[in-house]
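Engineer: Contents of my_file_3.cif (mmCIF, N, CA and C atoms) are given next:
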```cif
data_run
#
loop_
_atom_site.label_atom_id
_atom_site.label_comp_id
_atom_site.auth_asym_id
_atom_site.auth_seq_id
_atom_site.Cartn_x
_atom_site.Cartn_y
_atom_site.Cartn_z
N GLU Y 8 7.09 -16.19 -17.34
CA GLU Y 8 6.93 -14.87 -16.76
C GLU Y 8 7.32 -13.77 -17.74
N ALA Y 9 8.17 -14.11 -18.73
CA ALA Y 9 8.55 -13.11 -19.73
C ALA Y 9 7.34 -12.71 -20.57
N GLN Y 10 6.50 -13.68 -20.92
CA GLN Y 10 5.30 -13.37 -21.70
C GLN Y 10 4.32 -12.53 -20.88
N LEU Y 11 4.20 -12.84 -19.60
CA LEU Y 11 3.35 -12.05 -18.72
C LEU Y 11 3.87 -10.61 -18.64
N ALA Y 12 5.16 -10.44 -18.55
CA ALA Y 12 5.75 -9.10 -18.54
C ALA Y 12 5.43 -8.35 -19.83
N ASP Y 13 5.50 -9.04 -20.97
CA ASP Y 13 5.16 -8.42 -22.26
C ASP Y 13 3.73 -7.90 -22.26
N ILE Y 14 2.82 -8.72 -21.77
CA ILE Y 14 1.40 -8.34 -21.74
C ILE Y 14 1.19 -7.15 -20.81
N ILE Y 15 1.79 -7.21 -19.64
CA ILE Y 15 1.62 -6.13 -18.67
C ILE Y 15 2.21 -4.82 -19.20
N ILE Y 16 3.38 -4.88 -19.78
CA ILE Y 16 4.02 -3.67 -20.32
C ILE Y 16 3.18 -3.08 -21.45
N ALA Y 17 2.63 -3.93 -22.31
CA ALA Y 17 1.81 -3.46 -23.43
C ALA Y 17 0.54 -2.75 -22.94
N ARG Y 18 0.02 -3.14 -21.79
CA ARG Y 18 -1.23 -2.57 -21.25
C ARG Y 18 -0.98 -1.69 -20.03
N TRP Y 19 0.24 -1.29 -19.80
CA TRP Y 19 0.68 -0.60 -18.59
C TRP Y 19 -0.26 0.52 -18.16
N GLU Y 20 -0.58 1.43 -19.07
CA GLU Y 20 -1.39 2.60 -18.75
C GLU Y 20 -2.84 2.25 -18.40
N HIS Y 21 -3.25 1.03 -18.69
CA HIS Y 21 -4.64 0.62 -18.44
C HIS Y 21 -4.78 -0.24 -17.19
N ILE Y 22 -3.69 -0.50 -16.52
CA ILE Y 22 -3.72 -1.38 -15.34
C ILE Y 22 -3.72 -0.53 -14.08
N PRO Y 23 -4.80 -0.65 -13.28
CA PRO Y 23 -4.85 0.13 -12.03
C PRO Y 23 -3.64 -0.18 -11.14
N GLY Y 24 -3.08 0.87 -10.60
CA GLY Y 24 -1.93 0.71 -9.71
C GLY Y 24 -0.59 0.80 -10.41
N LEU Y 25 -0.59 0.73 -11.74
CA LEU Y 25 0.68 0.80 -12.47
C LEU Y 25 0.85 2.14 -13.18
N LYS Y 26 -0.23 2.87 -13.38
CA LYS Y 26 -0.16 4.14 -14.11
C LYS Y 26 0.78 5.14 -13.45
N ASP Y 27 0.91 5.06 -12.13
CA ASP Y 27 1.78 5.99 -11.41
C ASP Y 27 3.24 5.56 -11.40
N LEU Y 28 3.51 4.43 -12.02
CA LEU Y 28 4.87 3.89 -12.05
C LEU Y 28 5.45 3.95 -13.45
N GLU Y 29 6.77 4.01 -13.51
CA GLU Y 29 7.44 3.88 -14.80
C GLU Y 29 8.61 2.92 -14.62
N ILE Y 30 8.76 2.04 -15.60
CA ILE Y 30 9.86 1.09 -15.57
C ILE Y 30 11.16 1.87 -15.74
N LEU Y 31 12.16 1.52 -14.96
CA LEU Y 31 13.44 2.20 -15.00
C LEU Y 31 13.97 2.25 -16.43
N LYS Y 32 14.38 3.45 -16.86
CA LYS Y 32 14.91 3.64 -18.21
C LYS Y 32 16.27 4.31 -18.13
N GLU Y 33 17.07 4.03 -19.14
CA GLU Y 33 18.35 4.71 -19.31
C GLU Y 33 18.53 4.90 -20.81
N ASP Y 34 18.70 6.13 -21.24
CA ASP Y 34 18.82 6.43 -22.67
C ASP Y 34 17.65 5.85 -23.46
N GLU Y 35 16.42 6.05 -22.94
CA GLU Y 35 15.18 5.59 -23.58
C GLU Y 35 15.08 4.07 -23.73
N GLU Y 36 15.92 3.34 -23.05
CA GLU Y 36 15.87 1.88 -23.07
C GLU Y 36 15.44 1.39 -21.68
N TYR Y 37 14.50 0.43 -21.67
CA TYR Y 37 14.07 -0.14 -20.40
C TYR Y 37 15.20 -0.96 -19.80
N ILE Y 38 15.75 -0.50 -18.69
CA ILE Y 38 16.76 -1.29 -17.99
C ILE Y 38 16.14 -1.97 -16.77
N GLY Y 39 14.90 -1.58 -16.45
CA GLY Y 39 14.23 -2.13 -15.29
C GLY Y 39 13.54 -3.45 -15.53
N ARG Y 40 13.51 -3.91 -16.75
CA ARG Y 40 12.92 -5.21 -17.05
C ARG Y 40 14.00 -6.28 -16.92
N GLU Y 41 13.72 -7.28 -16.11
CA GLU Y 41 14.73 -8.32 -15.82
C GLU Y 41 16.01 -7.65 -15.33
N TYR Y 42 15.87 -6.71 -14.40
CA TYR Y 42 17.00 -5.95 -13.88
C TYR Y 42 17.96 -6.89 -13.16
N ASP Y 43 19.17 -6.98 -13.67
CA ASP Y 43 20.17 -7.90 -13.14
C ASP Y 43 20.95 -7.21 -12.02
N THR Y 44 20.75 -7.69 -10.80
CA THR Y 44 21.47 -7.13 -9.67
C THR Y 44 22.93 -7.57 -9.65
N LYS Y 45 23.23 -8.59 -10.43
CA LYS Y 45 24.57 -9.19 -10.52
C LYS Y 45 25.02 -9.80 -9.19
N GLU Y 46 24.11 -9.86 -8.25
CA GLU Y 46 24.47 -10.34 -6.92
C GLU Y 46 23.42 -11.29 -6.34
N ILE Y 47 22.15 -10.92 -6.47
CA ILE Y 47 21.10 -11.71 -5.81
C ILE Y 47 19.98 -12.15 -6.76
N GLY Y 48 20.17 -11.97 -8.05
CA GLY Y 48 19.16 -12.40 -9.02
C GLY Y 48 18.62 -11.25 -9.85
N ARG Y 49 17.62 -11.58 -10.65
CA ARG Y 49 17.00 -10.61 -11.56
C ARG Y 49 15.64 -10.18 -11.04
N ILE Y 50 15.44 -8.89 -10.99
CA ILE Y 50 14.16 -8.31 -10.58
C ILE Y 50 13.29 -8.27 -11.83
N ASP Y 51 12.08 -8.84 -11.77
CA ASP Y 51 11.21 -8.87 -12.95
C ASP Y 51 11.01 -7.47 -13.54
N LEU Y 52 10.54 -6.55 -12.72
CA LEU Y 52 10.36 -5.16 -13.15
C LEU Y 52 10.78 -4.23 -12.02
N LEU Y 53 11.73 -3.38 -12.31
CA LEU Y 53 12.16 -2.37 -11.34
C LEU Y 53 11.65 -1.03 -11.83
N CYS Y 54 10.84 -0.40 -11.00
CA CYS Y 54 10.15 0.83 -11.40
C CYS Y 54 10.44 1.95 -10.42
N LYS Y 55 10.00 3.15 -10.84
CA LYS Y 55 10.00 4.30 -9.95
C LYS Y 55 8.59 4.90 -9.97
N ASN Y 56 8.18 5.38 -8.82
CA ASN Y 56 6.91 6.07 -8.70
C ASN Y 56 7.08 7.47 -9.30
N LYS Y 57 6.21 7.84 -10.23
CA LYS Y 57 6.32 9.14 -10.91
C LYS Y 57 6.15 10.31 -9.95
N GLU Y 58 5.35 10.14 -8.90
CA GLU Y 58 5.05 11.23 -7.99
C GLU Y 58 6.15 11.49 -6.97
N ASN Y 59 6.69 10.41 -6.38
CA ASN Y 59 7.64 10.62 -5.27
C ASN Y 59 9.04 10.07 -5.55
N ASN Y 60 9.25 9.52 -6.74
CA ASN Y 60 10.56 9.01 -7.17
C ASN Y 60 11.05 7.81 -6.35
N ASN Y 61 10.16 7.19 -5.58
CA ASN Y 61 10.53 5.99 -4.83
C ASN Y 61 10.57 4.78 -5.76
N TYR Y 62 11.36 3.79 -5.39
CA TYR Y 62 11.47 2.56 -6.17
C TYR Y 62 10.33 1.61 -5.84
N VAL Y 63 9.95 0.80 -6.84
CA VAL Y 63 8.98 -0.26 -6.65
C VAL Y 63 9.52 -1.50 -7.36
N VAL Y 64 9.67 -2.58 -6.60
CA VAL Y 64 10.10 -3.87 -7.12
C VAL Y 64 8.84 -4.67 -7.44
N ILE Y 65 8.69 -5.10 -8.69
CA ILE Y 65 7.53 -5.90 -9.08
C ILE Y 65 8.00 -7.31 -9.40
N GLU Y 66 7.39 -8.27 -8.73
CA GLU Y 66 7.68 -9.68 -8.97
C GLU Y 66 6.44 -10.31 -9.59
N LEU Y 67 6.60 -10.90 -10.75
CA LEU Y 67 5.50 -11.55 -11.47
C LEU Y 67 5.56 -13.05 -11.24
N LYS Y 68 4.40 -13.64 -10.95
CA LYS Y 68 4.34 -15.08 -10.72
C LYS Y 68 3.21 -15.68 -11.52
N ARG Y 69 3.51 -16.77 -12.19
CA ARG Y 69 2.49 -17.52 -12.93
C ARG Y 69 1.96 -18.61 -12.02
N GLY Y 70 0.67 -18.77 -12.03
CA GLY Y 70 0.09 -19.86 -11.26
C GLY Y 70 0.16 -19.63 -9.77
N ARG Y 71 -0.16 -20.66 -9.05
CA ARG Y 71 -0.23 -20.60 -7.59
C ARG Y 71 1.18 -20.55 -6.99
N GLU Y 72 1.36 -19.64 -6.09
CA GLU Y 72 2.67 -19.48 -5.43
C GLU Y 72 2.51 -19.60 -3.93
N THR Y 73 3.57 -20.00 -3.29
CA THR Y 73 3.56 -20.04 -1.83
C THR Y 73 4.25 -18.79 -1.30
N ASP Y 74 4.40 -18.75 -0.01
CA ASP Y 74 4.98 -17.57 0.62
C ASP Y 74 6.47 -17.39 0.36
N LYS Y 75 7.10 -18.30 -0.37
CA LYS Y 75 8.53 -18.15 -0.66
C LYS Y 75 8.83 -16.90 -1.49
N VAL Y 76 7.86 -16.44 -2.26
CA VAL Y 76 8.05 -15.24 -3.06
C VAL Y 76 8.23 -14.00 -2.18
N VAL Y 77 7.72 -14.04 -0.95
CA VAL Y 77 7.86 -12.91 -0.04
C VAL Y 77 9.34 -12.69 0.28
N GLY Y 78 10.06 -13.74 0.56
CA GLY Y 78 11.50 -13.63 0.82
C GLY Y 78 12.25 -13.07 -0.37
N GLN Y 79 11.84 -13.49 -1.55
CA GLN Y 79 12.47 -13.01 -2.78
C GLN Y 79 12.26 -11.50 -2.94
N VAL Y 80 11.03 -11.04 -2.76
CA VAL Y 80 10.74 -9.62 -2.89
C VAL Y 80 11.46 -8.81 -1.81
N LEU Y 81 11.49 -9.31 -0.59
CA LEU Y 81 12.19 -8.60 0.48
C LEU Y 81 13.69 -8.52 0.20
N ARG Y 82 14.24 -9.57 -0.36
CA ARG Y 82 15.66 -9.57 -0.74
C ARG Y 82 15.93 -8.48 -1.77
N TYR Y 83 15.05 -8.38 -2.78
CA TYR Y 83 15.21 -7.35 -3.81
C TYR Y 83 15.04 -5.95 -3.22
N ILE Y 84 14.07 -5.77 -2.35
CA ILE Y 84 13.87 -4.46 -1.72
C ILE Y 84 15.12 -4.06 -0.94
N GLY Y 85 15.66 -4.99 -0.18
CA GLY Y 85 16.88 -4.72 0.59
C GLY Y 85 18.04 -4.34 -0.31
N TRP Y 86 18.18 -5.04 -1.43
CA TRP Y 86 19.27 -4.75 -2.36
C TRP Y 86 19.11 -3.35 -2.97
N VAL Y 87 17.88 -3.03 -3.41
CA VAL Y 87 17.64 -1.71 -4.00
C VAL Y 87 17.91 -0.62 -2.97
N ASN Y 88 17.46 -0.81 -1.74
CA ASN Y 88 17.70 0.19 -0.69
C ASN Y 88 19.19 0.42 -0.48
N LYS Y 89 19.97 -0.65 -0.51
CA LYS Y 89 21.41 -0.54 -0.24
C LYS Y 89 22.19 -0.02 -1.44
N ASN Y 90 21.76 -0.37 -2.65
CA ASN Y 90 22.58 -0.09 -3.83
C ASN Y 90 22.07 1.01 -4.75
N LEU Y 91 20.79 1.32 -4.72
CA LEU Y 91 20.26 2.31 -5.66
C LEU Y 91 19.59 3.51 -4.99
N ALA Y 92 18.88 3.28 -3.91
CA ALA Y 92 18.11 4.35 -3.26
C ALA Y 92 19.04 5.41 -2.68
N LYS Y 93 18.63 6.64 -2.86
CA LYS Y 93 19.37 7.78 -2.30
C LYS Y 93 18.66 8.23 -1.02
N ASP Y 94 19.16 9.29 -0.41
CA ASP Y 94 18.54 9.83 0.80
C ASP Y 94 17.05 10.04 0.62
N LYS Y 95 16.29 9.59 1.58
CA LYS Y 95 14.84 9.78 1.63
C LYS Y 95 14.07 9.01 0.57
N GLN Y 96 14.75 8.21 -0.26
CA GLN Y 96 14.03 7.36 -1.21
C GLN Y 96 13.63 6.09 -0.51
N ASP Y 97 12.44 5.64 -0.81
CA ASP Y 97 11.89 4.44 -0.21
C ASP Y 97 11.76 3.38 -1.30
N THR Y 98 11.64 2.12 -0.92
CA THR Y 98 11.42 1.04 -1.86
C THR Y 98 10.26 0.19 -1.36
N LYS Y 99 9.33 -0.08 -2.25
CA LYS Y 99 8.17 -0.91 -1.94
C LYS Y 99 8.19 -2.12 -2.87
N GLY Y 100 7.36 -3.09 -2.56
CA GLY Y 100 7.25 -4.28 -3.38
C GLY Y 100 5.83 -4.50 -3.85
N LEU Y 101 5.69 -5.16 -4.98
CA LEU Y 101 4.40 -5.53 -5.54
C LEU Y 101 4.53 -6.92 -6.13
N ILE Y 102 3.69 -7.82 -5.65
CA ILE Y 102 3.66 -9.18 -6.20
C ILE Y 102 2.39 -9.28 -7.05
N ILE Y 103 2.56 -9.69 -8.30
CA ILE Y 103 1.42 -9.89 -9.19
C ILE Y 103 1.37 -11.37 -9.53
N THR Y 104 0.27 -12.01 -9.16
CA THR Y 104 0.12 -13.45 -9.35
C THR Y 104 -1.27 -13.77 -9.86
N TYR Y 105 -1.48 -15.00 -10.27
CA TYR Y 105 -2.74 -15.40 -10.88
C TYR Y 105 -3.78 -15.84 -9.86
N GLU Y 106 -3.39 -16.71 -8.96
CA GLU Y 106 -4.35 -17.30 -8.04
C GLU Y 106 -4.16 -16.82 -6.61
N ASP Y 107 -5.26 -16.80 -5.91
CA ASP Y 107 -5.26 -16.47 -4.50
C ASP Y 107 -4.58 -17.61 -3.73
N ASP Y 108 -3.67 -17.28 -2.85
CA ASP Y 108 -2.96 -18.27 -2.07
C ASP Y 108 -2.98 -17.82 -0.61
N PRO Y 109 -3.71 -18.52 0.25
CA PRO Y 109 -3.80 -18.11 1.67
C PRO Y 109 -2.43 -17.99 2.33
N LYS Y 110 -1.48 -18.87 2.02
CA LYS Y 110 -0.15 -18.79 2.63
C LYS Y 110 0.51 -17.46 2.28
N LEU Y 111 0.37 -17.06 1.03
CA LEU Y 111 0.97 -15.81 0.59
C LEU Y 111 0.31 -14.63 1.29
N LYS Y 112 -1.00 -14.64 1.39
CA LYS Y 112 -1.71 -13.55 2.07
C LYS Y 112 -1.29 -13.43 3.53
N TYR Y 113 -1.17 -14.55 4.22
CA TYR Y 113 -0.75 -14.51 5.63
C TYR Y 113 0.69 -14.02 5.75
N ALA Y 114 1.55 -14.44 4.84
CA ALA Y 114 2.95 -14.01 4.89
C ALA Y 114 3.07 -12.50 4.66
N LEU Y 115 2.16 -11.94 3.87
CA LEU Y 115 2.21 -10.52 3.57
C LEU Y 115 1.49 -9.65 4.59
N GLU Y 116 0.67 -10.25 5.43
CA GLU Y 116 -0.12 -9.49 6.40
C GLU Y 116 0.72 -8.51 7.23
N PRO Y 117 1.83 -8.93 7.83
CA PRO Y 117 2.61 -7.96 8.62
C PRO Y 117 3.40 -6.97 7.76
N LEU Y 118 3.40 -7.19 6.44
CA LEU Y 118 4.17 -6.34 5.53
C LEU Y 118 3.28 -5.47 4.65
N LYS Y 119 2.00 -5.31 5.04
CA LYS Y 119 1.03 -4.67 4.15
C LYS Y 119 1.41 -3.25 3.75
N ASP Y 120 2.23 -2.56 4.52
CA ASP Y 120 2.67 -1.22 4.14
C ASP Y 120 3.92 -1.25 3.26
N LEU Y 121 4.51 -2.42 3.11
CA LEU Y 121 5.75 -2.57 2.34
C LEU Y 121 5.54 -3.31 1.02
N VAL Y 122 4.72 -4.36 1.04
CA VAL Y 122 4.52 -5.20 -0.15
C VAL Y 122 3.03 -5.37 -0.40
N GLN Y 123 2.61 -5.03 -1.63
CA GLN Y 123 1.22 -5.21 -2.03
C GLN Y 123 1.08 -6.49 -2.85
N LEU Y 124 -0.14 -6.99 -2.90
CA LEU Y 124 -0.45 -8.18 -3.67
C LEU Y 124 -1.57 -7.84 -4.64
N LYS Y 125 -1.36 -8.15 -5.91
CA LYS Y 125 -2.38 -7.96 -6.94
C LYS Y 125 -2.49 -9.25 -7.74
N PHE Y 126 -3.67 -9.43 -8.32
CA PHE Y 126 -3.94 -10.63 -9.11
C PHE Y 126 -4.21 -10.23 -10.56
N TYR Y 127 -3.77 -11.06 -11.48
CA TYR Y 127 -4.05 -10.80 -12.88
C TYR Y 127 -5.00 -11.85 -13.42
N LYS Y 128 -5.70 -11.47 -14.47
CA LYS Y 128 -6.59 -12.38 -15.18
C LYS Y 128 -6.45 -12.01 -16.65
N ILE Y 129 -6.20 -12.98 -17.46
CA ILE Y 129 -6.01 -12.75 -18.89
C ILE Y 129 -7.16 -13.41 -19.65
N SER Y 130 -7.73 -12.65 -20.56
CA SER Y 130 -8.78 -13.24 -21.39
C SER Y 130 -8.53 -12.82 -22.84
N ILE Y 131 -8.93 -13.69 -23.72
CA ILE Y 131 -8.79 -13.44 -25.16
C ILE Y 131 -10.17 -13.55 -25.77
N THR Y 132 -10.51 -12.56 -26.56
CA THR Y 132 -11.79 -12.59 -27.27
C THR Y 132 -11.52 -12.58 -28.76
N ILE Y 133 -12.11 -13.50 -29.45
CA ILE Y 133 -11.98 -13.56 -30.91
C ILE Y 133 -13.37 -13.32 -31.50
N ASN Y 134 -13.47 -12.32 -32.34
CA ASN Y 134 -14.76 -12.01 -32.98
C ASN Y 134 -14.77 -12.46 -34.43
#
```
As structure tokens - that is how I would like this structure written.

Structural biologist:
Amino acid sequence: EAQLADIIIARWEHIPGLKDLEILKEDEEYIGREYDTKEIGRIDLLCKNKENNNYVVIELKRGRETDKVVGQVLRYIGWVNKNLAKDKQDTKGLIITYEDDPKLKYALEPLKDLVQLKFYKISITIN
């Protein structure tokens, strides 16, 4: 997942849905990558929405995943809400995975306003 994060960060401005986000920074250093909560695990990418300053938790998954990732993202959202979010700040989730998984889609159905699902596809062209 670290390599996937490298690729996504390198192409950040070209990925639909990510242009409005920025990875959390402190003193020009990305602190939102592998953000260590010191309590419940590491958040793959912790971002803020440039327009409304709300937090976005991004969880990256390689290969086919089951609905267990939903609990992980919800745990991170809860932690951010309790520990980082200020008055009127909201926290959303985004799961980025490779393959379509019906279990994951069904698990996210009641959470569609809270957690989004996106798929990645990587291709290499050598000329």

Engineer: Which residues fall under the PyMOL selection byres ((chain Y and resi 18-31) around 6.5) in this file, as a PyMOL selection string?

Structural biologist: chain Y and resi 13-17+32-33+36-40+52-58

Engineer: How would the residues just picked look written out with N, CA and C atoms as a JSON list (two decimals), keeping the file's coordinate frame?

Structural biologist:
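Resulting contents of out-v1.json:
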```json
[["chain", "number", "residue", "atom", "x", "y", "z"],
["Y", 13, "ASP", "N", 5.50, -9.04, -20.97],
["Y", 13, "ASP", "CA", 5.16, -8.42, -22.26],
["Y", 13, "ASP", "C", 3.73, -7.90, -22.26],
["Y", 14, "ILE", "N", 2.82, -8.72, -21.77],
["Y", 14, "ILE", "CA", 1.40, -8.34, -21.74],
["Y", 14, "ILE", "C", 1.19, -7.15, -20.81],
["Y", 15, "ILE", "N", 1.79, -7.21, -19.64],
["Y", 15, "ILE", "CA", 1.62, -6.13, -18.67],
["Y", 15, "ILE", "C", 2.21, -4.82, -19.20],
["Y", 16, "ILE", "N", 3.38, -4.88, -19.78],
["Y", 16, "ILE", "CA", 4.02, -3.67, -20.32],
["Y", 16, "ILE", "C", 3.18, -3.08, -21.45],
["Y", 17, "ALA", "N", 2.63, -3.93, -22.31],
["Y", 17, "ALA", "CA", 1.81, -3.46, -23.43],
["Y", 17, "ALA", "C", 0.54, -2.75, -22.94],
["Y", 32, "LYS", "N", 14.38, 3.45, -16.86],
["Y", 32, "LYS", "CA", 14.91, 3.64, -18.21],
["Y", 32, "LYS", "C", 16.27, 4.31, -18.13],
["Y", 33, "GLU", "N", 17.07, 4.03, -19.14],
["Y", 33, "GLU", "CA", 18.35, 4.71, -19.31],
["Y", 33, "GLU", "C", 18.53, 4.90, -20.81],
["Y", 36, "GLU", "N", 15.92, 3.34, -23.05],
["Y", 36, "GLU", "CA", 15.87, 1.88, -23.07],
["Y", 36, "GLU", "C", 15.44, 1.39, -21.68],
["Y", 37, "TYR", "N", 14.50, 0.43, -21.67],
["Y", 37, "TYR", "CA", 14.07, -0.14, -20.40],
["Y", 37, "TYR", "C", 15.20, -0.96, -19.80],
["Y", 38, "ILE", "N", 15.75, -0.50, -18.69],
["Y", 38, "ILE", "CA", 16.76, -1.29, -17.99],
["Y", 38, "ILE", "C", 16.14, -1.97, -16.77],
["Y", 39, "GLY", "N", 14.90, -1.58, -16.45],
["Y", 39, "GLY", "CA", 14.23, -2.13, -15.29],
["Y", 39, "GLY", "C", 13.54, -3.45, -15.53],
["Y", 40, "ARG", "N", 13.51, -3.91, -16.75],
["Y", 40, "ARG", "CA", 12.92, -5.21, -17.05],
["Y", 40, "ARG", "C", 14.00, -6.28, -16.92],
["Y", 52, "LEU", "N", 10.54, -6.55, -12.72],
["Y", 52, "LEU", "CA", 10.36, -5.16, -13.15],
["Y", 52, "LEU", "C", 10.78, -4.23, -12.02],
["Y", 53, "LEU", "N", 11.73, -3.38, -12.31],
["Y", 53, "LEU", "CA", 12.16, -2.37, -11.34],
["Y", 53, "LEU", "C", 11.65, -1.03, -11.83],
["Y", 54, "CYS", "N", 10.84, -0.40, -11.00],
["Y", 54, "CYS", "CA", 10.15, 0.83, -11.40],
["Y", 54, "CYS", "C", 10.44, 1.95, -10.42],
["Y", 55, "LYS", "N", 10.00, 3.15, -10.84],
["Y", 55, "LYS", "CA", 10.00, 4.30, -9.95],
["Y", 55, "LYS", "C", 8.59, 4.90, -9.97],
["Y", 56, "ASN", "N", 8.18, 5.38, -8.82],
["Y", 56, "ASN", "CA", 6.91, 6.07, -8.70],
["Y", 56, "ASN", "C", 7.08, 7.47, -9.30],
["Y", 57, "LYS", "N", 6.21, 7.84, -10.23],
["Y", 57, "LYS", "CA", 6.32, 9.14, -10.91],
["Y", 57, "LYS", "C", 6.15, 10.31, -9.95],
["Y", 58, "GLU", "N", 5.35, 10.14, -8.90],
["Y", 58, "GLU", "CA", 5.05, 11.23, -7.99],
["Y", 58, "GLU", "C", 6.15, 11.49, -6.97]]
```

Engineer: Please measure the separation of CA of Gly48 in chain Y and CA of Tyr83 in chain Y, giving the value in Å to one decimal.

Structural biologist: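 For CA of Gly48 in chain Y relative to CA of Tyr83 in chain Y, the distance reads 8.3 Å.
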
Engineer: Step by step: start from the point (8.8, -14.2, 3.2) in the file's coordinates, keep every protein, DNA or RNA residue that has an atom no farther than 10 Å from it, count only C-alpha atoms, and write the set as a PDB file with N, CA and C atoms, in the frame of the given file.

Structural biologist:
```pdb
ATOM      1  N   THR Y  73       3.570 -20.000  -3.290  1.00  0.00           N
ATOM      2  CA  THR Y  73       3.560 -20.040  -1.830  1.00  0.00           C
ATOM      3  C   THR Y  73       4.250 -18.790  -1.300  1.00  0.00           C
ATOM      4  N   ASP Y  74       4.400 -18.750  -0.010  1.00  0.00           N
ATOM      5  CA  ASP Y  74       4.980 -17.570   0.620  1.00  0.00           C
ATOM      6  C   ASP Y  74       6.470 -17.390   0.360  1.00  0.00           C
ATOM      7  N   LYS Y  75       7.100 -18.300  -0.370  1.00  0.00           N
ATOM      8  CA  LYS Y  75       8.530 -18.150  -0.660  1.00  0.00           C
ATOM      9  C   LYS Y  75       8.830 -16.900  -1.490  1.00  0.00           C
ATOM     10  N   VAL Y  76       7.860 -16.440  -2.260  1.00  0.00           N
ATOM     11  CA  VAL Y  76       8.050 -15.240  -3.060  1.00  0.00           C
ATOM     12  C   VAL Y  76       8.230 -14.000  -2.180  1.00  0.00           C
ATOM     13  N   VAL Y  77       7.720 -14.040  -0.950  1.00  0.00           N
ATOM     14  CA  VAL Y  77       7.860 -12.910  -0.040  1.00  0.00           C
ATOM     15  C   VAL Y  77       9.340 -12.690   0.280  1.00  0.00           C
ATOM     16  N   GLY Y  78      10.060 -13.740   0.560  1.00  0.00           N
ATOM     17  CA  GLY Y  78      11.500 -13.630   0.820  1.00  0.00           C
ATOM     18  C   GLY Y  78      12.250 -13.070  -0.370  1.00  0.00           C
ATOM     19  N   GLN Y  79      11.840 -13.490  -1.550  1.00  0.00           N
ATOM     20  CA  GLN Y  79      12.470 -13.010  -2.780  1.00  0.00           C
ATOM     21  C   GLN Y  79      12.260 -11.500  -2.940  1.00  0.00           C
ATOM     22  N   VAL Y  80      11.030 -11.040  -2.760  1.00  0.00           N
ATOM     23  CA  VAL Y  80      10.740  -9.620  -2.890  1.00  0.00           C
ATOM     24  C   VAL Y  80      11.460  -8.810  -1.810  1.00  0.00           C
ATOM     25  N   LEU Y  81      11.490  -9.310  -0.590  1.00  0.00           N
ATOM     26  CA  LEU Y  81      12.190  -8.600   0.480  1.00  0.00           C
ATOM     27  C   LEU Y  81      13.690  -8.520   0.200  1.00  0.00           C
ATOM     28  N   ARG Y  82      14.240  -9.570  -0.360  1.00  0.00           N
ATOM     29  CA  ARG Y  82      15.660  -9.570  -0.740  1.00  0.00           C
ATOM     30  C   ARG Y  82      15.930  -8.480  -1.770  1.00  0.00           C
ATOM     31  N   LEU Y 111       0.370 -17.060   1.030  1.00  0.00           N
ATOM     32  CA  LEU Y 111       0.970 -15.810   0.590  1.00  0.00           C
ATOM     33  C   LEU Y 111       0.310 -14.630   1.290  1.00  0.00           C
ATOM     34  N   TYR Y 113      -1.170 -14.550   4.220  1.00  0.00           N
ATOM     35  CA  TYR Y 113      -0.750 -14.510   5.630  1.00  0.00           C
ATOM     36  C   TYR Y 113       0.690 -14.020   5.750  1.00  0.00           C
ATOM     37  N   ALA Y 114       1.550 -14.440   4.840  1.00  0.00           N
ATOM     38  CA  ALA Y 114       2.950 -14.010   4.890  1.00  0.00           C
ATOM     39  C   ALA Y 114       3.070 -12.500   4.660  1.00  0.00           C
ATOM     40  N   LEU Y 115       2.160 -11.940   3.870  1.00  0.00           N
ATOM     41  CA  LEU Y 115       2.210 -10.520   3.570  1.00  0.00           C
ATOM     42  C   LEU Y 115       1.490  -9.650   4.590  1.00  0.00           C
ATOM     43  N   LEU Y 118       3.400  -7.190   6.440  1.00  0.00           N
ATOM     44  CA  LEU Y 118       4.170  -6.340   5.530  1.00  0.00           C
ATOM     45  C   LEU Y 118       3.280  -5.470   4.650  1.00  0.00           C
TER      46      LEU Y 118
END
```

Engineer: Apply the PyMOL selection byres (((chain Y and resi 66 and name CA) around 7) and name CA) to the file shown and report the selected residues as a list in words.

Structural biologist: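 Applying the PyMOL selection byres (((chain Y and resi 66 and name CA) around 7) and name CA) to the structure shown produces Ile50, Asp51, Leu52, Val64, Ile65, Leu67, Lys68, Val80, Leu101, Ile102 and Ile103 of chain Y.
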
Engineer: Quick one, how far is atom C of Ala92 in chain Y from CA of Phe126 in chain Y?

Structural biologist: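 Separation of atom C of Ala92 in chain Y and CA of Phe126 in chain Y: 28.8 Å.
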
Engineer: Enter the distance from CA of Arg69 in chain Y to atom C of Trp86 in chain Y, in Å, rounded to one decimal.

Structural biologist: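 Between CA of Arg69 in chain Y and atom C of Trp86 in chain Y the gap is 24.0 Å.
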
Engineer: Given the choices Y:Thr104, Y:Leu124, Y:Ile133, Y:Asn88, which gets closest to Ala12 in chain Y if the distance is worked out from only C-alpha atoms?

Structural biologist: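 Ranking Y:Thr104, Y:Leu124, Y:Ile133, Y:Asn88 by distance to Ala12 in chain Y, first place goes to Y:Thr104.
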
Engineer: Just asking: which residues within range 23-110 of chain Y are alpha helix (DSSP H) according to DSSP, as a list in words?

Structural biologist: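 DSSP on the backbone gives alpha helix (DSSP H) at Lys75, Val76, Val77, Gly78, Gln79, Val80, Leu81, Arg82, Tyr83, Ile84, Gly85, Trp86, Val87, Asn88, Lys89, Asn90, Pro109 and Lys110 of chain Y.
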
Engineer: Counting all atoms listed in the file, which of Y:Lys45, Y:Ala9, Y:Ser130, Y:Tyr62 gets nearest to Gln96 in chain Y?

Structural biologist: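 Among the listed residues, the smallest separation from Gln96 in chain Y belongs to Y:Tyr62.
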
Engineer: Can you tell me, as lines of an AutoDock Vina configuration file, the centre and edge lengths (Å, one decimal) of the axis-aligned box enclosing all of range 28-33 of chain Y's listed atoms after padding each side by 8 Å?

Structural biologist:
```
center_x = 11.0
center_y = 3.0
center_z = -16.4
size_x = 31.0
size_y = 19.8
size_z = 24.8
```
